[in-house]
>>> print(open('input14.txt').read())   # compact mmCIF, C-alpha atoms and all ligand atoms
# COMPACT_ATOMS: atom_id res chain seq x y z
CA MET A 1 3.98 48.56 58.39
CA ARG A 2 3.75 50.42 55.06
CA ARG A 3 7.32 49.50 54.35
CA ILE A 4 6.92 45.91 55.50
CA VAL A 5 3.86 45.03 53.35
CA PRO A 6 5.51 45.33 49.92
CA PHE A 7 8.54 43.59 51.34
CA LEU A 8 6.36 40.70 52.55
CA ALA A 9 4.57 40.57 49.20
CA ILE A 10 7.86 40.25 47.38
CA LEU A 11 9.02 37.60 49.82
CA VAL A 12 5.84 35.54 49.39
CA GLY A 13 6.10 35.93 45.62
CA LEU A 14 9.67 34.73 45.66
CA LEU A 15 8.80 31.78 47.87
CA VAL A 16 5.90 30.73 45.62
CA SER A 17 7.86 31.01 42.41
CA SER A 18 10.89 29.30 43.90
CA SER A 19 8.71 26.45 45.17
CA VAL A 20 7.33 25.94 41.63
CA ARG A 21 10.80 26.45 40.28
CA GLY A 22 12.23 23.68 42.40
CA GLN A 23 9.32 21.31 41.86
CA ALA A 24 9.88 18.51 39.37
CA ILE A 25 7.97 18.39 36.09
CA VAL A 26 6.43 14.92 36.03
CA ILE A 27 6.36 12.91 32.80
CA GLY A 28 4.90 9.40 32.47
CA GLU A 29 6.51 6.48 30.67
CA TYR A 30 4.73 3.20 29.91
CA GLY A 31 6.24 0.14 28.30
CA SER A 32 6.74 -3.61 28.37
CA LEU A 33 9.29 -4.11 31.13
CA THR A 34 8.12 -7.73 31.50
CA GLY A 35 6.24 -10.23 29.30
CA GLY A 36 6.65 -11.39 25.72
CA THR A 37 8.47 -8.30 24.45
CA ALA A 38 10.30 -7.24 27.63
CA THR A 39 13.41 -6.10 25.76
CA PHE A 40 11.29 -3.41 24.05
CA GLY A 41 10.37 -1.69 27.31
CA ILE A 42 13.71 -2.23 29.03
CA SER A 43 15.79 -0.85 26.16
CA THR A 44 13.50 2.17 25.76
CA ASP A 45 13.72 2.92 29.47
CA GLU A 46 17.50 2.64 29.49
CA GLY A 47 17.82 5.15 26.67
CA LEU A 48 15.26 7.45 28.26
CA GLN A 49 16.99 7.40 31.66
CA LEU A 50 20.31 8.31 30.02
CA ALA A 51 18.74 11.38 28.41
CA LEU A 52 17.02 12.25 31.69
CA ASP A 53 20.36 12.17 33.57
CA GLN A 54 21.88 14.51 30.99
CA ILE A 55 18.92 16.93 30.99
CA ASN A 56 18.77 17.15 34.78
CA ALA A 57 22.57 17.49 35.06
CA LYS A 58 22.18 20.66 32.98
CA GLY A 59 19.50 22.02 35.33
CA GLY A 60 16.36 20.45 33.83
CA VAL A 61 13.89 22.61 31.89
CA LEU A 62 12.19 25.90 32.83
CA GLY A 63 14.45 25.90 35.88
CA ARG A 64 12.89 22.65 37.14
CA PRO A 65 14.14 19.07 37.19
CA ILE A 66 12.21 16.41 35.24
CA LYS A 67 10.91 13.36 37.04
CA VAL A 68 9.78 10.31 35.06
CA VAL A 69 7.23 7.88 36.53
CA VAL A 70 7.67 4.50 34.81
CA GLU A 71 4.85 1.96 34.48
CA ASP A 72 5.10 -1.64 33.25
CA ASP A 73 2.25 -2.81 30.99
CA GLU A 74 3.51 -6.42 31.00
CA SER A 75 3.39 -6.50 27.17
CA ARG A 76 -0.42 -6.40 27.33
CA PRO A 77 -2.66 -3.81 25.59
CA GLU A 78 -5.34 -3.86 28.35
CA GLU A 79 -2.69 -3.18 30.96
CA ALA A 80 -1.32 -0.32 28.83
CA VAL A 81 -4.74 1.37 29.13
CA THR A 82 -4.81 0.89 32.91
CA VAL A 83 -1.31 2.22 33.57
CA VAL A 84 -1.76 5.25 31.33
CA GLN A 85 -5.02 6.09 33.15
CA LYS A 86 -3.09 5.82 36.41
CA LEU A 87 -0.26 8.06 35.16
CA ILE A 88 -2.72 10.76 34.13
CA ASN A 89 -5.19 10.58 37.01
CA GLN A 90 -2.95 9.71 39.95
CA ASN A 91 0.52 10.94 39.03
CA GLU A 92 -0.85 13.96 37.13
CA VAL A 93 1.83 13.69 34.47
CA VAL A 94 2.09 16.58 31.98
CA ALA A 95 2.93 14.25 29.08
CA VAL A 96 3.41 10.55 28.33
CA ILE A 97 6.20 8.68 26.50
CA GLY A 98 5.33 5.22 25.10
CA GLU A 99 4.69 2.59 23.75
CA VAL A 100 6.97 0.60 21.47
CA ALA A 101 4.46 -1.94 20.10
CA SER A 102 1.85 -0.31 17.86
CA THR A 103 -0.95 -2.49 19.26
CA ARG A 104 -0.31 -1.13 22.77
CA SER A 105 0.14 2.47 21.61
CA LEU A 106 -3.20 2.13 19.81
CA ALA A 107 -4.81 0.85 23.01
CA ALA A 108 -3.59 3.67 25.26
CA ALA A 109 -3.55 6.63 22.86
CA PRO A 110 -7.31 7.33 23.19
CA VAL A 111 -6.81 7.81 26.96
CA CYS A 112 -4.20 10.53 26.34
CA GLN A 113 -6.21 12.10 23.55
CA LYS A 114 -9.33 12.35 25.72
CA ALA A 115 -7.38 13.88 28.63
CA HIS A 116 -5.52 16.28 26.30
CA ILE A 117 -2.20 14.94 27.56
CA PRO A 118 0.39 14.72 24.76
CA MET A 119 1.66 11.21 24.04
CA LEU A 120 4.92 10.60 22.20
CA SER A 121 5.57 7.07 20.97
CA PRO A 122 9.31 6.51 20.50
CA SER A 123 8.98 3.66 18.03
CA SER A 124 5.43 2.58 17.11
CA THR A 125 5.45 2.59 13.33
CA ASN A 126 1.89 1.66 12.35
CA PRO A 127 0.23 4.67 10.65
CA LYS A 128 -2.99 4.35 12.70
CA VAL A 129 -1.23 5.30 15.96
CA THR A 130 -0.99 9.05 15.36
CA GLN A 131 -4.35 9.04 13.57
CA VAL A 132 -5.96 8.57 17.00
CA GLY A 133 -5.84 12.34 17.43
CA SER A 134 -4.11 15.69 17.66
CA TYR A 135 -2.28 14.88 20.92
CA ILE A 136 -0.55 11.73 19.62
CA PHE A 137 2.99 11.95 18.16
CA ARG A 138 5.85 9.66 17.27
CA ALA A 139 9.63 10.05 17.00
CA CYS A 140 10.06 7.53 14.17
CA PHE A 141 9.10 6.82 10.55
CA ILE A 142 5.95 4.89 9.62
CA ASP A 143 5.37 1.46 8.08
CA PRO A 144 4.32 2.35 4.52
CA PHE A 145 7.91 3.62 4.22
CA GLN A 146 9.39 0.68 6.14
CA GLY A 147 7.50 -1.98 4.12
CA ALA A 148 8.34 -0.28 0.83
CA ALA A 149 12.03 0.04 1.75
CA MET A 150 12.43 -3.71 2.27
CA ALA A 151 10.29 -4.57 -0.76
CA ASN A 152 12.39 -2.33 -3.01
CA PHE A 153 15.57 -3.78 -1.58
CA ALA A 154 14.29 -7.34 -2.23
CA SER A 155 13.22 -6.51 -5.81
CA ASN A 156 16.05 -4.23 -6.89
CA LYS A 157 19.11 -5.22 -4.85
CA LEU A 158 18.48 -8.90 -4.18
CA GLY A 159 16.70 -9.49 -7.51
CA MET A 160 13.83 -11.38 -5.90
CA LYS A 161 10.69 -12.00 -7.98
CA LYS A 162 8.70 -14.56 -5.97
CA LEU A 163 8.09 -13.63 -2.33
CA ALA A 164 6.45 -15.45 0.56
CA ILE A 165 5.01 -13.86 3.71
CA LEU A 166 4.61 -15.14 7.26
CA TYR A 167 3.00 -12.54 9.52
CA ASP A 168 1.33 -12.17 12.94
CA VAL A 169 -2.45 -11.72 12.57
CA LYS A 170 -2.80 -10.51 16.18
CA ASN A 171 -0.37 -7.64 15.76
CA ASP A 172 -1.39 -4.34 14.10
CA TYR A 173 2.21 -3.61 13.17
CA SER A 174 2.66 -6.97 11.45
CA VAL A 175 -0.68 -6.79 9.63
CA GLY A 176 0.20 -3.31 8.34
CA LEU A 177 3.74 -4.15 7.23
CA ARG A 178 2.54 -7.23 5.34
CA GLN A 179 0.20 -5.05 3.27
CA PHE A 180 2.76 -2.30 2.60
CA PHE A 181 5.34 -4.89 1.54
CA ILE A 182 2.86 -6.58 -0.82
CA ASP A 183 1.86 -3.22 -2.36
CA THR A 184 5.43 -2.42 -3.34
CA ILE A 185 6.39 -5.94 -4.46
CA THR A 186 3.36 -5.99 -6.74
CA LYS A 187 4.20 -2.52 -8.08
CA ASN A 188 7.71 -3.78 -8.82
CA GLY A 189 6.26 -6.62 -10.91
CA GLY A 190 6.97 -9.26 -8.28
CA GLN A 191 4.62 -11.97 -7.12
CA ILE A 192 3.42 -13.15 -3.69
CA VAL A 193 3.55 -16.96 -3.96
CA ALA A 194 2.60 -17.76 -0.33
CA ASP A 195 0.83 -15.69 2.35
CA GLU A 196 0.82 -17.46 5.73
CA SER A 197 0.08 -16.27 9.26
CA TYR A 198 0.51 -17.05 12.97
CA GLY A 199 -0.46 -15.51 16.32
CA GLU A 200 1.86 -14.08 18.97
CA GLY A 201 2.84 -16.79 21.43
CA ASP A 202 2.86 -19.60 18.83
CA PHE A 203 6.00 -21.68 18.77
CA ASP A 204 5.47 -24.22 15.99
CA PHE A 205 5.54 -22.75 12.49
CA LYS A 206 6.33 -25.95 10.55
CA ALA A 207 2.92 -26.23 8.85
CA GLN A 208 3.13 -22.68 7.42
CA LEU A 209 6.81 -23.07 6.50
CA THR A 210 6.12 -26.34 4.71
CA LYS A 211 3.55 -24.58 2.50
CA ILE A 212 6.04 -21.79 1.89
CA ARG A 213 8.74 -24.30 0.93
CA THR A 214 6.39 -25.86 -1.64
CA ALA A 215 5.82 -22.40 -3.21
CA ASN A 216 9.60 -22.11 -3.71
CA PRO A 217 10.02 -18.36 -3.07
CA ASP A 218 13.20 -16.30 -3.57
CA GLY A 219 12.76 -14.80 -0.09
CA ILE A 220 10.37 -14.74 2.88
CA TYR A 221 9.11 -11.58 4.59
CA VAL A 222 8.46 -12.06 8.32
CA PRO A 223 7.19 -8.77 9.81
CA GLY A 224 7.03 -9.94 13.42
CA TYR A 225 8.66 -9.57 16.84
CA TYR A 226 11.88 -11.22 17.93
CA THR A 227 10.65 -14.30 19.85
CA GLU A 228 8.60 -15.72 16.99
CA VAL A 229 11.09 -14.44 14.39
CA GLY A 230 13.96 -16.33 16.05
CA LEU A 231 11.94 -19.56 16.10
CA ILE A 232 10.71 -19.09 12.53
CA CYS A 233 14.28 -18.66 11.23
CA ARG A 234 15.39 -21.83 12.98
CA GLN A 235 12.45 -23.92 11.85
CA ALA A 236 12.84 -22.66 8.26
CA ARG A 237 16.45 -23.87 8.21
CA GLU A 238 15.43 -27.18 9.80
CA LEU A 239 13.02 -27.68 6.92
CA GLY A 240 15.81 -27.07 4.43
CA ILE A 241 14.71 -23.57 3.38
CA THR A 242 17.88 -21.68 2.47
CA VAL A 243 16.57 -18.40 0.97
CA PRO A 244 16.90 -15.20 3.05
CA LEU A 245 14.24 -14.24 5.56
CA MET A 246 13.56 -10.52 5.87
CA GLY A 247 11.84 -8.37 8.45
CA GLY A 248 11.34 -4.99 10.06
CA ASP A 249 12.37 -3.23 13.27
CA GLY A 250 10.63 -5.93 15.35
CA TRP A 251 13.69 -8.10 14.68
CA ASP A 252 15.89 -5.71 16.63
CA SER A 253 16.79 -7.49 19.86
CA ASP A 254 19.70 -9.57 21.13
CA LYS A 255 17.05 -12.24 21.62
CA THR A 256 16.67 -12.67 17.84
CA PHE A 257 20.24 -13.96 17.87
CA GLU A 258 19.88 -15.93 21.10
CA ILE A 259 16.77 -17.72 19.84
CA GLY A 260 17.57 -17.86 16.13
CA ARG A 261 21.29 -18.68 16.58
CA ASP A 262 23.07 -19.36 13.25
CA ALA A 263 19.73 -19.62 11.42
CA VAL A 264 19.53 -15.79 11.30
CA ASN A 265 22.72 -15.46 9.28
CA GLY A 266 22.05 -14.29 5.72
CA CYS A 267 18.82 -12.55 6.74
CA TYR A 268 17.96 -8.84 6.41
CA PHE A 269 15.88 -6.32 8.35
CA THR A 270 15.04 -2.63 8.28
CA ASN A 271 15.70 -0.50 11.33
CA HIS A 272 15.87 3.00 12.82
CA TYR A 273 19.64 3.17 13.20
CA SER A 274 22.81 1.15 13.21
CA PRO A 275 25.37 1.44 16.03
CA ASP A 276 28.03 1.31 13.28
CA GLU A 277 26.88 4.55 11.65
CA ASP A 278 29.60 7.16 11.42
CA ARG A 279 27.56 10.18 12.50
CA PRO A 280 29.01 11.99 15.56
CA GLU A 281 25.58 12.03 17.30
CA VAL A 282 25.40 8.23 17.06
CA LYS A 283 28.96 7.84 18.33
CA ALA A 284 28.35 10.13 21.33
CA PHE A 285 25.14 8.32 22.20
CA VAL A 286 26.62 4.82 21.87
CA SER A 287 29.61 5.66 24.06
CA ALA A 288 27.50 7.35 26.78
CA TYR A 289 25.11 4.38 26.78
CA ARG A 290 27.95 1.87 27.01
CA ALA A 291 29.47 3.81 29.91
CA LYS A 292 26.17 3.74 31.83
CA TYR A 293 25.16 0.15 31.03
CA ASN A 294 28.29 -2.00 31.40
CA GLY A 295 29.41 -1.86 27.79
CA LYS A 296 26.05 -2.94 26.36
CA THR A 297 25.38 -1.86 22.75
CA PRO A 298 22.14 0.12 22.42
CA ASP A 299 19.43 -1.18 20.09
CA ALA A 300 16.93 0.96 18.14
CA MET A 301 14.49 1.21 21.03
CA ALA A 302 17.24 2.56 23.29
CA ILE A 303 18.18 5.37 20.92
CA LEU A 304 14.52 6.22 20.27
CA GLY A 305 13.79 6.27 24.03
CA TYR A 306 16.73 8.64 24.40
CA ASP A 307 15.54 10.86 21.56
CA SER A 308 11.94 10.89 22.82
CA MET A 309 13.00 12.18 26.23
CA ASP A 310 15.09 14.91 24.56
CA LEU A 311 12.31 15.81 22.15
CA MET A 312 9.78 16.10 24.98
CA ALA A 313 12.12 18.23 27.13
CA ASP A 314 12.76 20.49 24.14
CA ALA A 315 9.02 20.88 23.54
CA ILE A 316 8.37 21.83 27.18
CA ARG A 317 11.23 24.33 27.02
CA ARG A 318 9.84 25.93 23.84
CA ALA A 319 6.28 25.83 25.22
CA CYS A 320 7.49 27.73 28.31
CA SER A 321 4.67 25.88 30.03
CA THR A 322 3.66 22.47 31.33
CA LYS A 323 0.07 22.75 30.05
CA GLY A 324 -1.01 19.90 27.77
CA LYS A 325 -2.14 22.16 24.93
CA ALA A 326 1.08 24.23 25.01
CA ILE A 327 3.29 21.10 24.97
CA ARG A 328 1.18 19.65 22.16
CA ASP A 329 1.59 22.78 20.07
CA ALA A 330 5.35 22.84 20.69
CA LEU A 331 5.70 19.15 19.73
CA ALA A 332 3.68 19.81 16.57
CA SER A 333 6.03 22.62 15.57
CA THR A 334 9.25 20.59 16.00
CA ARG A 335 11.54 21.33 13.04
CA ASP A 336 15.05 19.99 12.37
CA PHE A 337 15.53 18.75 15.92
CA PRO A 338 19.04 17.23 16.11
CA ALA A 339 18.18 13.83 17.61
CA ALA A 340 20.76 11.04 17.95
CA SER A 341 18.85 8.73 15.58
CA GLY A 342 18.58 11.48 12.94
CA THR A 343 17.11 14.93 12.45
CA ILE A 344 13.45 15.05 13.47
CA THR A 345 10.83 17.23 11.82
CA ILE A 346 7.27 16.52 12.93
CA ASP A 347 4.97 16.58 9.89
CA ALA A 348 1.30 17.57 9.63
CA HIS A 349 0.28 14.02 10.65
CA ARG A 350 2.49 14.17 13.79
CA ASN A 351 4.96 11.64 12.39
CA ALA A 352 8.72 12.04 12.04
CA GLN A 353 10.32 12.01 8.62
CA LYS A 354 13.55 10.06 8.95
CA PRO A 355 15.83 7.83 6.93
CA ILE A 356 15.67 4.05 7.38
CA VAL A 357 18.63 1.67 7.54
CA ILE A 358 18.88 -1.82 6.04
CA LEU A 359 20.90 -4.35 8.01
CA LYS A 360 22.22 -7.78 7.09
CA ILE A 361 22.91 -10.45 9.68
CA GLU A 362 26.28 -12.09 9.13
CA ASN A 363 28.53 -14.03 11.50
CA ASP A 364 25.93 -13.64 14.26
CA LYS A 365 25.89 -9.84 14.11
CA THR A 366 24.27 -7.08 12.09
CA THR A 367 26.14 -5.17 9.43
CA PHE A 368 25.03 -1.91 7.87
CA VAL A 369 24.01 -2.42 4.22
CA GLY A 370 22.65 1.03 3.41
CA SER A 371 20.06 3.65 4.17
CA VAL A 372 17.02 4.99 2.35
CA GLN A 373 15.96 8.65 2.57
CA PRO A 374 12.27 9.45 3.16
N1 LIG A 401 7.75 -0.61 15.24
C1 LIG A 401 7.23 -1.66 16.04
C2 LIG A 401 5.72 -1.51 16.19
O1 LIG A 401 5.20 -0.55 15.81
C3 LIG A 401 7.87 -1.72 17.39
C4 LIG A 401 9.37 -1.77 17.43
C5 LIG A 401 10.11 -0.61 17.32
C6 LIG A 401 10.03 -2.94 17.58
C7 LIG A 401 11.51 -0.63 17.31
C8 LIG A 401 11.42 -2.99 17.61
C9 LIG A 401 12.16 -1.82 17.43
O2 LIG A 401 5.03 -2.33 16.70
>>> encode(input="input14.txt", output="structure tokens")
Amino acid sequence: MRRIVPFLAILVGLLVSSSVRGQAIVIGEYGSLTGGTATFGISTDEGLQLALDQINAKGGVLGRPIKVVVEDDESRPEEAVTVVQKLINQNEVVAVIGEVASTRSLAAAPVCQKAHIPMLSPSSTNPKVTQVGSYIFRACFIDPFQGAAMANFASNKLGMKKLAILYDVKNDYSVGLRQFFIDTITKNGGQIVADESYGEGDFDFKAQLTKIRTANPDGIYVPGYYTEVGLICRQARELGITVPLMGGDGWDSDKTFEIGRDAVNGCYFTNHYSPDEDRPEVKAFVSAYRAKYNGKTPDAMAILGYDSMDLMADAIRRACSTKGKAIRDALASTRDFPAASGTITIDAHRNAQKPIVILKIENDKTTFVGSVQP
């Protein structure tokens, strides 16, 4: 008996630790897999699943595989709140990845903050998102930088002096970018000659565009999402407006081209990456993504979904724990993480400092014009 007891104790210990060892670490993902911005959620998920395959093929983290529970918020902020509550309370996720749209990240972030579950937004760029609290992070740059980058490009490279704006009043991202763009244009000595708005879901922009045409601007800034952007470009051309339209990362979808057709040629937008970049990390990512998804070219959300999964796995590995506080602290101390979209250092405000790329649309595709360092 005396010899058997320690033996049994060791056996039980081994069984317990091996059962935890084998058990998956559960992470939640929420995004718009359906609804008005479905390409945002789908692309993010595709990138994330690619990273997940690669992480689990190498044995997962802390000796355990990672399992991701995916929830669709139907492109609606109220639904984002509901699904994130479900992920935390029912699925007991240790961390959450999402959302793309700033409005939906802003809706769900307080749920994560309150539960002390770290949330990592791959691509929400509005500054207010990470201001929700100490558990909220992002893997991308923020809009003061994005708005300024396009404004400086318009003033200095395109020589534009008179600018018009057409933005989405219902969208936190759009409202923010409008202001940051105006700030820099004004600082550069430029002038805002028209400032028009719309609401997501609108499809007739002729009244606003007619006013803009009368103001005779050198360019029009449209910080919106792809469905409205595509329609706005087409209607602008129909009204005889020939100056370039410019936008932000919300333009990044194949749908911009499908909806906007040849009207998007000659336009510019800022983005998180270009598939044409020469960096080896980008090349490796693009070819792995194409191999998994029938030759499809990844957009910015796909690469940021991929990077977010990697960043989260790295944080859990460094935390040596799946406790919310430990993962939070590890995310906060991320320095020089070699992500595919660029090196990520998380700053004191839980944002990533990264370069931005400027793209021009020509012959129905985007071409890399240049990048701006933070
Ligand atoms: N940055 C946008 C937002 O905050 C979302 C977005 C990211 C859209 C990347 C397209 C590509 O709302």
>>> axis_aligned_box(input="input14.txt", around="ligand LIG 401 (chain A)", padding_each_side="4 Å", output="AutoDock Vina command-line options")
--center_x 8.6 --center_y -1.8 --center_z 16.4 --size_x 15.1 --size_y 10.4 --size_z 10.4
>>> residues_around(input="input14.txt", residues="Thr186 in chain A", least_positions_apart="3", cutoff="12 Å", atoms="only C-alpha atoms", output="MDAnalysis selection string")
chainID A and resid 148 151:152 154:155 160:163 179:183 189:193
>>> write_last_selection(input="input14.txt", atoms="C-alpha atoms", output="PDB file, in the coordinates of the input")
ATOM      1  CA  ALA A 148       8.340  -0.280   0.830  1.00  0.00           C
ATOM      2  CA  ALA A 151      10.290  -4.570  -0.760  1.00  0.00           C
ATOM      3  CA  ASN A 152      12.390  -2.330  -3.010  1.00  0.00           C
ATOM      4  CA  ALA A 154      14.290  -7.340  -2.230  1.00  0.00           C
ATOM      5  CA  SER A 155      13.220  -6.510  -5.810  1.00  0.00           C
ATOM      6  CA  MET A 160      13.830 -11.380  -5.900  1.00  0.00           C
ATOM      7  CA  LYS A 161      10.690 -12.000  -7.980  1.00  0.00           C
ATOM      8  CA  LYS A 162       8.700 -14.560  -5.970  1.00  0.00           C
ATOM      9  CA  LEU A 163       8.090 -13.630  -2.330  1.00  0.00           C
ATOM     10  CA  GLN A 179       0.200  -5.050   3.270  1.00  0.00           C
ATOM     11  CA  PHE A 180       2.760  -2.300   2.600  1.00  0.00           C
ATOM     12  CA  PHE A 181       5.340  -4.890   1.540  1.00  0.00           C
ATOM     13  CA  ILE A 182       2.860  -6.580  -0.820  1.00  0.00           C
ATOM     14  CA  ASP A 183       1.860  -3.220  -2.360  1.00  0.00           C
ATOM     15  CA  GLY A 189       6.260  -6.620 -10.910  1.00  0.00           C
ATOM     16  CA  GLY A 190       6.970  -9.260  -8.280  1.00  0.00           C
ATOM     17  CA  GLN A 191       4.620 -11.970  -7.120  1.00  0.00           C
ATOM     18  CA  ILE A 192       3.420 -13.150  -3.690  1.00  0.00           C
ATOM     19  CA  VAL A 193       3.550 -16.960  -3.960  1.00  0.00           C
TER      20      VAL A 193
END
>>> closest_atom_pairs(input="input14.txt", of="chain A", to="ligand LIG 401 (chain A)", cutoff="7 Å", atoms="only C-alpha atoms and all ligand atoms", output="JSON lines")
{"residue": "A:Phe40", "atom": "CA", "partner": "A:LIG401", "partner_atom": "C8", "distance": 6.5}
{"residue": "A:Val100", "atom": "CA", "partner": "A:LIG401", "partner_atom": "C3", "distance": 4.8}
{"residue": "A:Ala101", "atom": "CA", "partner": "A:LIG401", "partner_atom": "O2", "distance": 3.5}
{"residue": "A:Ser102", "atom": "CA", "partner": "A:LIG401", "partner_atom": "O1", "distance": 3.9}
{"residue": "A:Thr103", "atom": "CA", "partner": "A:LIG401", "partner_atom": "O2", "distance": 6.5}
{"residue": "A:Ser123", "atom": "CA", "partner": "A:LIG401", "partner_atom": "C5", "distance": 4.5}
{"residue": "A:Ser124", "atom": "CA", "partner": "A:LIG401", "partner_atom": "O1", "distance": 3.4}
{"residue": "A:Thr125", "atom": "CA", "partner": "A:LIG401", "partner_atom": "O1", "distance": 4.0}
{"residue": "A:Asn126", "atom": "CA", "partner": "A:LIG401", "partner_atom": "O1", "distance": 5.3}
{"residue": "A:Tyr173", "atom": "CA", "partner": "A:LIG401", "partner_atom": "O2", "distance": 4.7}
{"residue": "A:Tyr225", "atom": "CA", "partner": "A:LIG401", "partner_atom": "C6", "distance": 6.8}
{"residue": "A:Asp249", "atom": "CA", "partner": "A:LIG401", "partner_atom": "C9", "distance": 4.4}
{"residue": "A:Gly250", "atom": "CA", "partner": "A:LIG401", "partner_atom": "C6", "distance": 3.8}
{"residue": "A:Trp251", "atom": "CA", "partner": "A:LIG401", "partner_atom": "C8", "distance": 6.3}
{"residue": "A:Asp252", "atom": "CA", "partner": "A:LIG401", "partner_atom": "C8", "distance": 5.3}
{"residue": "A:Ala300", "atom": "CA", "partner": "A:LIG401", "partner_atom": "C9", "distance": 5.6}
{"residue": "A:Met301", "atom": "CA", "partner": "A:LIG401", "partner_atom": "C7", "distance": 5.1}
>>> write_last_selection(input="input14.txt", atoms="C-alpha atoms", output="PDB file, in the frame of the given file")
ATOM      1  CA  PHE A  40      11.290  -3.410  24.050  1.00  0.00           C
ATOM      2  CA  VAL A 100       6.970   0.600  21.470  1.00  0.00           C
ATOM      3  CA  ALA A 101       4.460  -1.940  20.100  1.00  0.00           C
ATOM      4  CA  SER A 102       1.850  -0.310  17.860  1.00  0.00           C
ATOM      5  CA  THR A 103      -0.950  -2.490  19.260  1.00  0.00           C
ATOM      6  CA  SER A 123       8.980   3.660  18.030  1.00  0.00           C
ATOM      7  CA  SER A 124       5.430   2.580  17.110  1.00  0.00           C
ATOM      8  CA  THR A 125       5.450   2.590  13.330  1.00  0.00           C
ATOM      9  CA  ASN A 126       1.890   1.660  12.350  1.00  0.00           C
ATOM     10  CA  TYR A 173       2.210  -3.610  13.170  1.00  0.00           C
ATOM     11  CA  TYR A 225       8.660  -9.570  16.840  1.00  0.00           C
ATOM     12  CA  ASP A 249      12.370  -3.230  13.270  1.00  0.00           C
ATOM     13  CA  GLY A 250      10.630  -5.930  15.350  1.00  0.00           C
ATOM     14  CA  TRP A 251      13.690  -8.100  14.680  1.00  0.00           C
ATOM     15  CA  ASP A 252      15.890  -5.710  16.630  1.00  0.00           C
ATOM     16  CA  ALA A 300      16.930   0.960  18.140  1.00  0.00           C
ATOM     17  CA  MET A 301      14.490   1.210  21.030  1.00  0.00           C
TER      18      MET A 301
END
>>> atom_distance(input="input14.txt", atom1="CA of Glu277 in chain A", atom2="CA of Lys255 in chain A")
21.9 Å
>>> closest_atom_pairs(input="input14.txt", of="range 78-183 of chain A", to="range 227-238 of chain A", cutoff="12 Å", atoms="all atoms listed in the file", output="JSON lines")
{"residue": "A:Ile165", "atom": "CA", "partner": "A:Ile232", "partner_atom": "CA", "distance": 11.7}
{"residue": "A:Leu166", "atom": "CA", "partner": "A:Ile232", "partner_atom": "CA", "distance": 9.0}
{"residue": "A:Tyr167", "atom": "CA", "partner": "A:Val229", "partner_atom": "CA", "distance": 9.6}
{"residue": "A:Asp168", "atom": "CA", "partner": "A:Glu228", "partner_atom": "CA", "distance": 9.0}
{"residue": "A:Ser174", "atom": "CA", "partner": "A:Val229", "partner_atom": "CA", "distance": 11.6}
>>> atom_distance(input="input14.txt", atom1="CA of Asp336 in chain A", atom2="CA of Lys292 in chain A")
27.7 Å
>>> closest_residue(input="input14.txt", among="A:Ile356, A:Val169, A:Arg178, A:Val61", to="Arg318 in chain A", atoms="all atoms listed in the file")
A:Val61
>>> residues_around(input="input14.txt", residues="Ala80 in chain A", least_positions_apart="2", cutoff="12 Å", atoms="all atoms listed in the file", output="ChimeraX atom specification")
/A:29-33,41,70-78,82-87,96-112
>>> closest_residue(input="input14.txt", among="A:Ile142, A:Val68, A:Leu48, A:Ile117", to="Asn89 in chain A", atoms="only C-alpha atoms")
A:Ile117
>>> decode(input="input14.txt", residues="range 81-90 of chain A", atoms="N, CA and C atoms", output="short mmCIF file (atom, residue, chain, number, x, y, z; two decimals), in the first residue's frame")
data_model
loop_
_atom_site.label_atom_id
_atom_site.label_comp_id
_atom_site.auth_asym_id
_atom_site.auth_seq_id
_atom_site.Cartn_x
_atom_site.Cartn_y
_atom_site.Cartn_z
N VAL A 81 -23.23 42.82 -29.55
CA VAL A 81 -23.30 42.76 -28.08
C VAL A 81 -23.79 41.37 -27.66
N THR A 82 -24.88 40.92 -28.28
CA THR A 82 -25.48 39.63 -27.91
C THR A 82 -24.51 38.47 -28.12
N VAL A 83 -23.85 38.44 -29.28
CA VAL A 83 -22.99 37.28 -29.55
C VAL A 83 -21.73 37.29 -28.68
N VAL A 84 -21.24 38.47 -28.34
CA VAL A 84 -20.06 38.52 -27.47
C VAL A 84 -20.44 38.08 -26.05
N GLN A 85 -21.63 38.47 -25.60
CA GLN A 85 -22.11 37.98 -24.29
C GLN A 85 -22.19 36.46 -24.29
N LYS A 86 -22.69 35.92 -25.40
CA LYS A 86 -22.82 34.46 -25.52
C LYS A 86 -21.44 33.80 -25.50
N LEU A 87 -20.50 34.35 -26.25
CA LEU A 87 -19.15 33.77 -26.29
C LEU A 87 -18.53 33.71 -24.89
N ILE A 88 -18.72 34.78 -24.13
CA ILE A 88 -18.11 34.85 -22.80
C ILE A 88 -18.87 33.96 -21.81
N ASN A 89 -20.18 34.08 -21.78
CA ASN A 89 -20.96 33.38 -20.75
C ASN A 89 -21.19 31.91 -21.06
N GLN A 90 -21.46 31.59 -22.34
CA GLN A 90 -21.76 30.18 -22.65
C GLN A 90 -20.53 29.39 -23.09
#
